[in-house]
Amino acid sequence: MCTDRTAHSTGAALAGPGVSLTLNTLAEELLRNIKKLCSVLLFVRLKFLFGSLALQALDLVDQCSVTCLSSPSGRKVFQVLGGSGKLYSCLASCHYCPCPAFAFSVLRKNNSLLCKHILAVHLCQAMGLTQQESVSDRQMSDVLSGLGNGT
Ligand SMILES: [Zn+2]
């Protein structure tokens with residue numbers, strides 16, 4: 001134990017201000033790499049859970065395609081601009097999207113938990129990248145009544 005203490009203090013004595021600066025730089029680089037590593041690990045998990053949907057949803061996130069509409073009554077609807085330019089009004093609270101992929105893969109075939117639009121909504125919310133827009137209760141009513149029409 002005494003030997004360890006001696007070795008440690010010798011190392012500290014040898015360190016000097018230049019080495020200390022290098023250690024700080026190394027520590028900062030390590031922390032940056034940890035953040036990158038966490039991002040990579042999260043992406044691997046997303047890809048594992050959602051397959052190709054993960055990449056498609058992240059593409060929507062990159063394009064800032066998700067907008068949260070909120071009305072004075074407290075209702076919220078997420079609108080996602082799809083890759084084809086069509087606007088989908090999604091209900092994240094009950095995992096519903098009017099897109100054809102949701103109807104086929106989630107509702108009919110039951111081989112997917114959600115579509116890329118719903119996943120993009122959740123990712124945008126988690127990353128704080130959702131666009132916000134306030135609408136009147138009347139406008140919200142129009143959006144909600146259009147849900148059954150695939151809009
Ligand atoms: Zn969808």
# chains A, B, ... in the order shown; residues from 1 in each chain; ligands from 1
call {"tool": "closest_atom_pairs", "arguments": {"of": "chain A", "to": "ligand 1", "cutoff": "10 Å", "atoms": "only C-alpha atoms and all ligand atoms", "output": "CSV"}}
result
residue,atom,partner,partner_atom_place_in_ligand_line,distance
A:Ala57,CA,ligand 1,1 (Zn),9.9
A:Val80,CA,ligand 1,1 (Zn),8.2
A:Leu81,CA,ligand 1,1 (Zn),9.8
A:Gly82,CA,ligand 1,1 (Zn),8.1
A:Leu87,CA,ligand 1,1 (Zn),9.7
A:Tyr88,CA,ligand 1,1 (Zn),6.8
A:Ser89,CA,ligand 1,1 (Zn),8.6
A:Cys90,CA,ligand 1,1 (Zn),7.4
A:His95,CA,ligand 1,1 (Zn),9.5
A:Tyr96,CA,ligand 1,1 (Zn),7.7
A:Cys97,CA,ligand 1,1 (Zn),4.6
A:Pro98,CA,ligand 1,1 (Zn),6.1
A:Cys99,CA,ligand 1,1 (Zn),4.3
A:Pro100,CA,ligand 1,1 (Zn),7.1
A:Ala101,CA,ligand 1,1 (Zn),6.1
A:Phe102,CA,ligand 1,1 (Zn),5.3
A:Ala103,CA,ligand 1,1 (Zn),8.4
A:Val106,CA,ligand 1,1 (Zn),9.7
A:Leu114,CA,ligand 1,1 (Zn),7.5
A:Cys115,CA,ligand 1,1 (Zn),4.6
A:Lys116,CA,ligand 1,1 (Zn),5.7
A:His117,CA,ligand 1,1 (Zn),4.3
A:Ile118,CA,ligand 1,1 (Zn),6.0
A:Leu119,CA,ligand 1,1 (Zn),8.5
A:Ala120,CA,ligand 1,1 (Zn),9.3
A:Val121,CA,ligand 1,1 (Zn),10.0
call {"tool": "select_by_dssp", "arguments": {"residues": "chain A", "states": "strand (DSSP E or B)", "output": "list in words"}}
result
Val66, Thr67, Cys68, Leu69, Ser70, Lys76, Val77, Phe78, Gln79, Val80, Leu81, Leu87, Tyr88, Ser89, Cys90, Leu91, Tyr96, Gln131, Gln132, Glu133 and Ser134 of chain A
call {"tool": "select_by_dssp", "arguments": {"residues": "chain A", "states": "alpha helix (DSSP H)", "output": "PyMOL selection string"}}
result
chain A and resi 2-50+52-62+100-101+116-127+137-145
call {"tool": "residues_around", "arguments": {"residues": "Gly128 in chain A", "least_positions_apart": "6", "cutoff": "12 Å", "atoms": "only C-alpha atoms", "output": "ChimeraX atom specification"}}
result
/A:61,64,66-68,120-122
